[in-house]
Number of protein chains: 2
Amino acid sequence: MLQIQEAQKGNITAEMLEVAKAENISSEVIRERVANGTVIVVKNNLHKQVKPLGIGKGLSTKINANIGTSSDCSNLELELKKLEVATKHGADTVMDLSTGGDLDHIRKEIVKASKVPLGSVPIYQCFSEAFRHERKVRDVAGEEFIRAVEKHAEDGIDYVTVHCGVTKESVKRVNDQGRILDIVSRGGALTAKWIKETKQENPLYEYYDDLLAIAMKYDLTLSLGDGLRPGCLADATDRGQVQETIILGELAKRALEKGVQVMIEGPGHVPLNEVEANIQLQKSLCNGAPFYVLGPLVTDIAPGYDHITSAIGGAIAAKAGADFLCYVTPAEHLKLPDLNDVKEGVIAAKISAHAGDIAKGVAGAMDRDIALAKARKNMDWEKQIELSLDPEKASIVRGERTPLDEDVCTMCSDLCSIKLGN
Amino acid sequence: MLQIQEAQKGNITAEMLEVAKAENISSEVIRERVANGTVIVVKNNLHKQVKPLGIGKGLSTKINANIGTSSDCSNLELELKKLEVATKHGADTVMDLSTGGDLDHIRKEIVKASKVPLGSVPIYQCFSEAFRHERKVRDVAGEEFIRAVEKHAEDGIDYVTVHCGVTKESVKRVNDQGRILDIVSRGGALTAKWIKETKQENPLYEYYDDLLAIAMKYDLTLSLGDGLRPGCLADATDRGQVQETIILGELAKRALEKGVQVMIEGPGHVPLNEVEANIQLQKSLCNGAPFYVLGPLVTDIAPGYDHITSAIGGAIAAKAGADFLCYVTPAEHLKLPDLNDVKEGVIAAKISAHAGDIAKGVAGAMDRDIALAKARKNMDWEKQIELSLDPEKASIVRGERTPLDEDVCTMCSDLCSIKLGN
């Protein structure tokens, strides 16, 4: 059973009902949007313990947290802890991007432990395992790209990033364009190098029908990757990037025809004044398919604070119609994130998504803000803290300095405007 | 000598030349804009060791850090340290908002130590000293409002917040409106309470000419305060707030006629979709006078992270034309900030200002981003760190996990896209 096919037949599935309930939207609206590809219901048929997640038009903005090992840092326990921290603080999905250690084992354990839908990038596994066996990029066979996707789907992964738009044509356009940072997506760089060295077309593009067949088997969602996204502000919104989006729009259409759910991935590093245009462009080129953005980071000069640079871009993106934000942690560009980085990244992304939801008019988005404002007026600290995005942190910060008068805080003390006005 | 009067006579002062040089803009353009009140040159004639600071149309976005004691936490050494941390990380001005301890002494010491222009809110001193002597709000005489301003000006304070727009008329409109959080500005709440209890008009409004006379004596900049700014998203852009801005626009005009430099203060808590409108409204109502915003915070639910909620709003505000951002620290709504809060607040505000400058096309704003992107392409870590907004933090974070191959970082390790592409 495929969600799109059922929706197109006019059937509201149990999964659509669950999404409708979670979003407080009519199930008929969900059905309509699943049918036309503007809403997806993310859940691998095999991934029993997760609730289906709705992403797309009119729904609240979702956030993803990337976790996973690298060859420099490989510790399954730590990654399971990251999964826990990410979901505790509100990640709607988690991606396992592991490239170090026993990848099959790590993935299976994360799938087993996760209560939220999981994503992955299957070709990372092809190449990291190849490199460990001293094979080079060109030594990886085209079928391995496809087989990796199938393996991840069999394990219950709910959505996979597939860089199908990195083709001979789009890579040529990136090269002709001339960029400061060329290709910065790992999947994009690997695929482009593979194309260059083997002189063959990207298997994920050439054998896209095989990919669709796998996706149909599990109702696996394809996240059509932005392998050619800009890696710095100066490279943003260039011909290479837009060429890839055009191709992804065509592939999204083919997927919809087969009943395969897709979302589109997007930038990346984008000046603040180009963020809205990027969202509008994707919506237009990809027939309104859900848009999953990484950041966007609105400056390149703040390593150590890229959760903030991307919180700015993410909020504007969400307001403009982005449906799904990938978090960025303070460790971005510097190291593999640790537990605290994961937490900071999730909170920053939640703030963006929430601010965006209020701005784009998601029903009820401002209710919690209003409740917190009322608690503030009543000087009800317990309630203020309870309603905070991170009650633990709010409570600790308040506790660091104790006011003489417990109604107020140590910022204004006896000049507290609220107390003056009450 | 007053900057505006000189500019209106066609004279380019030494201060205007310094601003022109710092901003890389023609001094004639600076002169023109000082003459029409769209650019201010902040510097008290008595504050010898500070460089004049340009704020306004076409200039880079500036940021301010608030420091100061409260009656719960009063420690001059700590405040001097905050001044140091704030300016080290790039605060263009600092405001001393002290309300605890020996206020005259604290202010004089901060003026002496500061290399950047300083702001203050003189009426805080009137009321906090009154409260210490068991006097009530109504016991403060109207002349004390004005005398406090003069005292701060004599000490070399470069700009003062004066809540002149909190009048019988505007307070009535706030009350008629009905708000969740009523008045949240300390100065606004004190003034409104004073008006209510004494049944007199706000002295800073009624005797505005006296205020202008003081300002003329020192070329003190008046920061016309937003005493009626919204304290939560639900209260944003309401009739009370806009009424005050209308009055401030009238007062700005009167100041310009006398040769007194002013800027206008603005919100506050504002939903993301109303931020641009707020900026446009102020520019229109106040004849393009420089706009100084606090945040704006784009959600109320993130105490502990309000440097991020305001970094989002501040960036959009700067892009839309706000000229000056007041930082917000992670301690906002919870406690008086400590040294680390000051640092986090300054960095977040710098990110906003910088992202805004790129977006609004300030000349050369993206140069550092481009240089950092090139260093990233060259895997030149020393340069990447040197060009970072906070090199110390970037260096520490990178050092927390050491990659096997020093060209890359532990995030991608052997799958580093940049190394793959070089």
# chains A, B, ... in the order shown; residues from 1 in each chain; ligands from 1
call {"tool": "calpha_fit_and_write", "arguments": {"fixed": "chain A", "moving": "chain B", "output": "compact mmCIF listing (two decimals) with C-alpha atoms, in the first residue's frame"}}
result
# COMPACT_ATOMS: atom_id res chain seq x y z
CA MET B 1 0.04 -0.02 0.01
CA LEU B 2 1.37 3.39 -1.00
CA GLN B 3 0.09 6.60 0.55
CA ILE B 4 0.00 8.47 -2.75
CA GLN B 5 -1.88 5.73 -4.58
CA GLU B 6 -4.44 5.45 -1.79
CA ALA B 7 -4.83 9.22 -1.69
CA GLN B 8 -5.28 9.36 -5.45
CA LYS B 9 -7.99 6.72 -5.20
CA GLY B 10 -9.72 8.93 -2.66
CA ASN B 11 -8.85 6.78 0.36
CA ILE B 12 -7.81 8.29 3.66
CA THR B 13 -5.35 5.89 5.26
CA ALA B 14 -4.75 5.35 8.96
CA GLU B 15 -1.45 7.19 8.52
CA MET B 16 -3.16 10.20 6.97
CA LEU B 17 -5.63 10.22 9.84
CA GLU B 18 -2.79 10.25 12.34
CA VAL B 19 -1.11 13.13 10.55
CA ALA B 20 -4.40 15.04 10.34
CA LYS B 21 -4.90 14.61 14.05
CA ALA B 22 -1.35 15.65 14.96
CA GLU B 23 -1.61 18.75 12.77
CA ASN B 24 -5.20 19.58 13.65
CA ILE B 25 -6.10 19.72 9.96
CA SER B 26 -8.93 17.95 8.16
CA SER B 27 -7.95 14.50 6.93
CA GLU B 28 -9.48 15.29 3.55
CA VAL B 29 -7.03 18.17 3.13
CA ILE B 30 -4.17 15.83 4.01
CA ARG B 31 -5.43 13.27 1.50
CA GLU B 32 -5.67 15.87 -1.25
CA ARG B 33 -2.16 17.11 -0.63
CA VAL B 34 -0.65 13.64 -0.40
CA ALA B 35 -2.34 12.90 -3.73
CA ASN B 36 -0.75 15.91 -5.41
CA GLY B 37 2.63 15.54 -3.72
CA THR B 38 2.58 18.70 -1.61
CA VAL B 39 2.40 16.73 1.64
CA ILE B 40 4.31 13.55 2.43
CA VAL B 41 3.66 11.00 5.14
CA VAL B 42 7.08 9.75 6.15
CA LYS B 43 7.21 6.16 7.38
CA ASN B 44 8.80 3.03 6.03
CA ASN B 45 6.21 0.24 6.05
CA LEU B 46 8.71 -1.89 7.96
CA HIS B 47 9.50 0.67 10.66
CA LYS B 48 6.77 -0.39 13.03
CA GLN B 49 7.29 1.64 16.19
CA VAL B 50 7.37 5.11 14.61
CA LYS B 51 4.40 7.37 14.10
CA PRO B 52 3.96 8.61 10.52
CA LEU B 53 5.19 12.16 10.16
CA GLY B 54 3.50 14.71 7.93
CA ILE B 55 5.72 17.22 6.16
CA GLY B 56 4.56 19.82 3.68
CA LYS B 57 2.06 22.44 2.70
CA GLY B 58 0.14 24.00 5.57
CA LEU B 59 1.65 21.72 8.21
CA SER B 60 3.86 22.84 11.06
CA THR B 61 7.53 23.12 10.14
CA LYS B 62 9.48 20.03 11.12
CA ILE B 63 13.12 19.75 12.13
CA ASN B 64 15.76 17.08 11.65
CA ALA B 65 18.91 16.37 13.65
CA ASN B 66 21.88 14.69 12.00
CA ILE B 67 23.81 12.20 14.07
CA GLY B 68 26.33 9.52 13.17
CA THR B 69 29.90 8.43 13.47
CA SER B 70 32.86 9.43 11.31
CA SER B 71 36.07 7.55 10.75
CA ASP B 72 37.72 9.81 13.33
CA CYS B 73 35.01 9.37 15.99
CA SER B 74 33.06 6.14 16.08
CA ASN B 75 31.11 5.32 19.22
CA LEU B 76 27.67 3.74 18.97
CA GLU B 77 26.75 4.49 22.59
CA LEU B 78 27.39 8.17 22.01
CA GLU B 79 25.26 8.16 18.86
CA LEU B 80 22.39 6.49 20.70
CA LYS B 81 22.69 9.18 23.35
CA LYS B 82 22.57 11.84 20.63
CA LEU B 83 19.39 10.23 19.30
CA GLU B 84 17.90 10.47 22.78
CA VAL B 85 18.95 14.09 23.31
CA ALA B 86 17.73 15.13 19.86
CA THR B 87 14.27 13.60 20.28
CA LYS B 88 13.97 14.79 23.88
CA HIS B 89 14.41 18.38 22.73
CA GLY B 90 12.02 18.05 19.84
CA ALA B 91 13.70 16.71 16.70
CA ASP B 92 10.92 15.39 14.47
CA THR B 93 13.30 13.11 12.60
CA VAL B 94 16.92 12.04 12.94
CA MET B 95 19.34 11.18 10.17
CA ASP B 96 22.03 8.59 10.75
CA LEU B 97 24.96 9.85 8.70
CA SER B 98 27.48 7.38 10.08
CA THR B 99 30.64 6.81 8.10
CA GLY B 100 32.85 5.21 10.77
CA GLY B 101 32.65 1.81 12.46
CA ASP B 102 30.31 -1.08 11.64
CA LEU B 103 27.76 0.85 9.63
CA ASP B 104 25.17 -1.92 9.32
CA HIS B 105 25.20 -2.57 13.03
CA ILE B 106 25.05 1.12 13.93
CA ARG B 107 22.13 1.70 11.58
CA LYS B 108 20.15 -1.28 12.85
CA GLU B 109 20.66 -0.21 16.47
CA ILE B 110 19.55 3.34 15.73
CA VAL B 111 16.48 2.12 13.85
CA LYS B 112 15.63 -0.10 16.81
CA ALA B 113 16.05 2.69 19.34
CA SER B 114 14.34 5.51 17.49
CA LYS B 115 10.79 6.65 18.12
CA VAL B 116 10.96 9.18 15.27
CA PRO B 117 11.33 8.54 11.54
CA LEU B 118 14.92 8.07 10.43
CA GLY B 119 16.78 9.23 7.38
CA SER B 120 20.13 8.20 5.92
CA VAL B 121 22.43 8.78 2.97
CA PRO B 122 23.08 5.29 1.58
CA ILE B 123 25.99 6.23 -0.68
CA TYR B 124 28.04 7.35 2.31
CA GLN B 125 28.18 3.68 3.18
CA CYS B 126 29.30 2.63 -0.33
CA PHE B 127 32.18 5.03 -0.34
CA SER B 128 33.33 4.88 3.26
CA GLU B 129 33.46 1.09 3.09
CA ALA B 130 35.21 1.27 -0.26
CA PHE B 131 37.84 3.64 1.14
CA ARG B 132 38.47 1.30 4.06
CA HIS B 133 39.27 -1.42 1.58
CA GLU B 134 41.63 0.84 -0.30
CA ARG B 135 39.24 1.10 -3.19
CA LYS B 136 39.03 4.44 -4.92
CA VAL B 137 35.96 6.47 -5.90
CA ARG B 138 36.01 5.04 -9.44
CA ASP B 139 36.15 1.48 -8.11
CA VAL B 140 32.62 1.66 -6.75
CA ALA B 141 30.20 0.01 -9.19
CA GLY B 142 27.09 1.84 -10.29
CA GLU B 143 24.86 -0.92 -8.90
CA GLU B 144 26.33 -0.36 -5.46
CA PHE B 145 24.63 3.04 -5.33
CA ILE B 146 21.25 1.38 -5.80
CA ARG B 147 21.94 -1.62 -3.62
CA ALA B 148 22.88 0.60 -0.70
CA VAL B 149 19.48 2.28 -0.91
CA GLU B 150 17.74 -1.07 -0.87
CA LYS B 151 19.73 -2.22 2.14
CA HIS B 152 18.82 0.88 4.13
CA ALA B 153 15.17 0.51 3.16
CA GLU B 154 15.16 -3.11 4.28
CA ASP B 155 16.49 -2.02 7.65
CA GLY B 156 13.48 0.26 8.14
CA ILE B 157 15.03 3.64 7.26
CA ASP B 158 12.10 5.98 6.53
CA TYR B 159 13.71 8.37 4.09
CA VAL B 160 16.94 8.43 2.13
CA THR B 161 18.86 11.27 0.61
CA VAL B 162 19.63 10.40 -3.01
CA HIS B 163 21.69 12.89 -4.99
CA CYS B 164 19.93 12.16 -8.27
CA GLY B 165 20.32 15.69 -9.57
CA VAL B 166 24.12 15.53 -9.68
CA THR B 167 24.40 14.68 -13.35
CA LYS B 168 26.88 15.23 -16.16
CA GLU B 169 24.79 18.22 -17.17
CA SER B 170 24.47 19.90 -13.77
CA VAL B 171 28.09 19.24 -12.78
CA LYS B 172 29.21 20.82 -16.04
CA ARG B 173 27.16 23.89 -15.19
CA VAL B 174 28.81 24.13 -11.76
CA ASN B 175 32.22 23.90 -13.39
CA ASP B 176 31.35 26.45 -16.06
CA GLN B 177 30.00 28.76 -13.42
CA GLY B 178 33.21 28.82 -11.39
CA ARG B 179 32.71 28.75 -7.68
CA ILE B 180 34.84 29.60 -4.67
CA LEU B 181 33.93 26.38 -2.90
CA ASP B 182 32.91 24.11 -5.78
CA ILE B 183 30.86 21.19 -4.42
CA VAL B 184 30.50 20.97 -0.63
CA SER B 185 27.88 18.28 -0.24
CA ARG B 186 29.63 15.01 0.58
CA GLY B 187 27.24 13.05 -1.59
CA GLY B 188 27.53 15.64 -4.32
CA ALA B 189 31.32 15.66 -4.25
CA LEU B 190 31.54 11.86 -4.28
CA THR B 191 29.06 11.56 -7.12
CA ALA B 192 30.69 14.29 -9.19
CA LYS B 193 34.08 12.67 -8.73
CA TRP B 194 32.61 9.30 -9.70
CA ILE B 195 31.07 10.79 -12.85
CA LYS B 196 34.34 12.48 -13.74
CA GLU B 197 36.50 9.41 -13.18
CA THR B 198 34.23 6.77 -14.70
CA LYS B 199 32.81 9.04 -17.42
CA GLN B 200 29.46 7.39 -16.70
CA GLU B 201 26.19 9.05 -15.72
CA ASN B 202 25.15 9.15 -12.03
CA PRO B 203 23.50 5.75 -11.39
CA LEU B 204 20.91 7.36 -9.13
CA TYR B 205 19.83 9.41 -12.13
CA GLU B 206 20.31 6.83 -14.86
CA TYR B 207 18.57 4.04 -12.96
CA TYR B 208 16.05 6.27 -11.24
CA ASP B 209 13.28 3.82 -12.10
CA ASP B 210 15.07 1.13 -10.09
CA LEU B 211 15.21 3.55 -7.19
CA LEU B 212 11.50 4.22 -7.54
CA ALA B 213 10.82 0.49 -7.54
CA ILE B 214 12.66 0.11 -4.23
CA ALA B 215 10.83 3.08 -2.77
CA MET B 216 7.49 1.60 -3.82
CA LYS B 217 8.27 -1.62 -2.00
CA TYR B 218 8.59 0.08 1.39
CA ASP B 219 6.84 3.42 0.83
CA LEU B 220 10.30 4.81 1.40
CA THR B 221 10.42 8.57 0.98
CA LEU B 222 13.06 9.90 -1.38
CA SER B 223 14.75 13.06 -0.26
CA LEU B 224 16.15 14.36 -3.52
CA GLY B 225 19.49 15.69 -2.36
CA ASP B 226 21.04 19.04 -3.14
CA GLY B 227 24.46 17.78 -4.05
CA LEU B 228 25.26 21.05 -5.75
CA ARG B 229 24.16 23.41 -2.99
CA PRO B 230 26.37 26.46 -2.40
CA GLY B 231 29.05 26.18 0.26
CA CYS B 232 29.42 29.90 0.86
CA LEU B 233 27.37 33.04 0.39
CA ALA B 234 29.23 34.04 -2.74
CA ASP B 235 28.26 30.77 -4.46
CA ALA B 236 24.55 31.02 -3.63
CA THR B 237 21.71 30.78 -6.15
CA ASP B 238 24.02 30.15 -9.06
CA ARG B 239 23.37 28.35 -12.32
CA GLY B 240 24.73 25.04 -11.03
CA GLN B 241 22.45 25.05 -8.03
CA VAL B 242 19.37 26.02 -10.02
CA GLN B 243 20.15 23.48 -12.75
CA GLU B 244 20.08 20.74 -10.14
CA THR B 245 16.74 21.98 -8.78
CA ILE B 246 15.26 21.88 -12.28
CA ILE B 247 16.32 18.25 -12.61
CA LEU B 248 14.96 17.44 -9.16
CA GLY B 249 11.64 18.97 -10.19
CA GLU B 250 11.48 16.61 -13.16
CA LEU B 251 12.35 13.63 -10.97
CA ALA B 252 9.75 14.65 -8.40
CA LYS B 253 7.13 14.53 -11.13
CA ARG B 254 8.19 11.04 -12.19
CA ALA B 255 8.07 9.88 -8.57
CA LEU B 256 4.56 11.22 -8.07
CA GLU B 257 3.39 9.35 -11.16
CA LYS B 258 4.65 6.10 -9.62
CA GLY B 259 3.22 6.84 -6.19
CA VAL B 260 6.60 7.50 -4.56
CA GLN B 261 6.76 10.26 -1.99
CA VAL B 262 9.55 12.80 -2.37
CA MET B 263 10.86 15.93 -0.82
CA ILE B 264 13.50 18.25 -2.23
CA GLU B 265 16.63 19.32 -0.39
CA GLY B 266 17.92 22.86 -0.53
CA PRO B 267 20.68 25.18 0.57
CA GLY B 268 22.92 25.77 2.39
CA HIS B 269 24.75 29.10 2.55
CA VAL B 270 22.52 31.93 1.31
CA PRO B 271 22.56 35.71 1.91
CA LEU B 272 19.49 36.81 3.87
CA ASN B 273 18.08 38.71 0.92
CA GLU B 274 18.08 35.60 -1.28
CA VAL B 275 16.44 33.16 1.12
CA GLU B 276 12.83 33.84 0.14
CA ALA B 277 13.64 33.67 -3.55
CA ASN B 278 15.25 30.27 -3.02
CA ILE B 279 12.09 28.92 -1.41
CA GLN B 280 9.81 30.34 -4.08
CA LEU B 281 12.02 28.97 -6.81
CA GLN B 282 11.98 25.45 -5.38
CA LYS B 283 8.22 25.51 -4.92
CA SER B 284 7.77 26.65 -8.47
CA LEU B 285 10.29 24.28 -10.11
CA CYS B 286 9.23 21.24 -8.09
CA ASN B 287 5.43 21.54 -8.26
CA GLY B 288 5.10 22.40 -4.58
CA ALA B 289 6.92 19.31 -3.29
CA PRO B 290 7.95 19.65 0.37
CA PHE B 291 11.20 21.55 0.80
CA TYR B 292 13.89 20.41 3.22
CA VAL B 293 16.58 23.04 3.83
CA LEU B 294 19.93 22.86 5.54
CA GLY B 295 20.18 26.16 7.39
CA PRO B 296 20.41 28.31 5.36
CA LEU B 297 23.41 29.96 6.95
CA VAL B 298 23.30 33.70 6.37
CA THR B 299 27.00 34.37 6.90
CA ASP B 300 30.20 32.35 6.60
CA ILE B 301 32.16 34.11 9.32
CA ALA B 302 30.74 32.51 12.44
CA PRO B 303 32.16 29.02 12.90
CA GLY B 304 31.30 28.01 16.46
CA TYR B 305 27.97 29.80 16.14
CA ASP B 306 26.48 28.28 13.01
CA HIS B 307 23.41 27.15 14.94
CA ILE B 308 22.66 30.89 15.15
CA THR B 309 23.57 31.78 11.56
CA SER B 310 21.28 28.98 10.42
CA ALA B 311 18.53 29.78 12.91
CA ILE B 312 18.26 33.15 11.17
CA GLY B 313 18.11 31.63 7.70
CA GLY B 314 15.88 28.77 8.80
CA ALA B 315 13.29 31.08 10.31
CA ILE B 316 13.05 33.14 7.13
CA ALA B 317 12.94 29.98 5.07
CA ALA B 318 10.13 28.52 7.20
CA LYS B 319 8.19 31.78 6.97
CA ALA B 320 8.59 31.70 3.18
CA GLY B 321 7.34 28.13 2.93
CA ALA B 322 10.16 25.71 3.73
CA ASP B 323 8.58 22.66 5.33
CA PHE B 324 11.46 20.91 7.01
CA LEU B 325 14.63 22.36 8.54
CA CYS B 326 17.81 20.40 9.03
CA TYR B 327 19.51 21.61 12.16
CA VAL B 328 23.04 22.95 12.17
CA THR B 329 25.07 22.68 15.36
CA PRO B 330 27.72 24.96 16.86
CA ALA B 331 30.26 22.31 15.75
CA GLU B 332 29.49 22.77 12.04
CA HIS B 333 32.63 23.31 9.93
CA LEU B 334 34.82 22.41 12.93
CA LYS B 335 34.22 18.89 14.25
CA LEU B 336 31.73 16.08 14.70
CA PRO B 337 29.08 17.38 17.12
CA ASP B 338 28.97 16.17 20.71
CA LEU B 339 25.88 15.79 22.90
CA ASN B 340 25.71 19.42 23.86
CA ASP B 341 26.10 20.51 20.24
CA VAL B 342 23.17 18.28 19.33
CA LYS B 343 21.04 19.88 22.01
CA GLU B 344 22.00 23.44 21.02
CA GLY B 345 21.35 22.65 17.38
CA VAL B 346 17.92 21.17 18.03
CA ILE B 347 16.81 24.09 20.21
CA ALA B 348 17.98 26.66 17.66
CA ALA B 349 16.14 24.83 14.87
CA LYS B 350 13.00 24.56 17.02
CA ILE B 351 13.09 28.32 17.54
CA SER B 352 13.34 28.86 13.78
CA ALA B 353 10.56 26.45 12.98
CA HIS B 354 8.31 27.93 15.65
CA ALA B 355 8.98 31.55 14.65
CA GLY B 356 8.33 30.54 11.05
CA ASP B 357 5.08 28.78 11.95
CA ILE B 358 3.78 31.88 13.70
CA ALA B 359 4.73 33.99 10.70
CA LYS B 360 3.18 31.70 8.12
CA GLY B 361 0.00 31.38 10.12
CA VAL B 362 0.04 27.71 11.19
CA ALA B 363 -3.11 27.39 13.29
CA GLY B 364 -2.45 27.59 17.02
CA ALA B 365 1.26 28.29 16.58
CA MET B 366 1.14 31.29 18.92
CA ASP B 367 -0.88 29.65 21.70
CA ARG B 368 2.16 28.74 23.77
CA ASP B 369 3.62 32.22 23.38
CA ILE B 370 0.38 33.70 24.65
CA ALA B 371 0.25 31.32 27.60
CA LEU B 372 3.85 32.13 28.49
CA ALA B 373 3.19 35.87 28.20
CA LYS B 374 0.24 35.51 30.60
CA ALA B 375 2.41 33.61 33.07
CA ARG B 376 4.96 36.41 32.80
CA LYS B 377 2.28 38.99 33.55
CA ASN B 378 1.22 36.96 36.59
CA MET B 379 4.83 36.59 37.71
CA ASP B 380 4.14 32.87 37.78
CA TRP B 381 7.68 31.59 37.43
CA GLU B 382 6.79 27.93 37.65
CA LYS B 383 4.50 28.24 34.67
CA GLN B 384 6.95 30.43 32.70
CA ILE B 385 9.58 27.76 33.10
CA GLU B 386 7.22 24.90 32.34
CA LEU B 387 6.14 26.58 29.08
CA SER B 388 9.72 27.27 27.98
CA LEU B 389 11.28 25.42 25.09
CA ASP B 390 13.96 24.18 27.49
CA PRO B 391 12.56 24.29 31.03
CA GLU B 392 15.72 22.81 32.51
CA LYS B 393 17.92 25.57 31.11
CA ALA B 394 15.46 28.33 31.99
CA SER B 395 15.28 27.05 35.55
CA ILE B 396 19.06 26.82 35.90
CA VAL B 397 19.65 30.32 34.51
CA ARG B 398 17.05 31.85 36.79
CA GLY B 399 18.52 29.99 39.74
CA GLU B 400 22.03 31.31 39.12
CA ARG B 401 21.17 34.60 40.80
CA THR B 402 18.48 34.81 43.46
CA PRO B 403 16.45 37.98 43.72
CA LEU B 404 15.51 39.36 47.14
CA ASP B 405 11.90 39.57 45.99
CA GLU B 406 10.91 36.26 44.42
CA ASP B 407 8.27 37.84 42.18
CA VAL B 408 10.93 39.50 40.03
CA CYS B 409 14.31 38.59 38.58
CA THR B 410 17.74 40.07 39.21
CA MET B 411 17.74 41.97 35.92
CA CYS B 412 15.41 44.76 37.04
CA SER B 413 14.91 43.82 40.71
CA ASP B 414 12.83 46.58 42.35
CA LEU B 415 12.41 48.36 39.01
CA CYS B 416 10.56 45.39 37.47
CA SER B 417 8.13 46.90 34.97
CA ILE B 418 5.66 44.07 35.39
CA LYS B 419 5.51 44.41 39.14
CA LEU B 420 5.23 48.20 38.77
CA GLY B 421 2.25 47.73 36.49
CA ASN B 422 0.40 45.03 38.43
call {"tool": "select_by_dssp", "arguments": {"residues": "stretch 237-384 of chain A", "states": "strand (DSSP E)", "output": "list in words"}}
result
Val262, Met263, Ile264, Glu265, Gly266, Phe291, Tyr292, Val293, Leu294, Phe324, Leu325 and Cys326 of chain A
call {"tool": "select_by_dssp", "arguments": {"residues": "stretch 219-352 of chain B", "states": "alpha helix (DSSP H)", "output": "PyMOL selection string"}}
result
chain B and resi 239-258+275-285+306-320+339-352
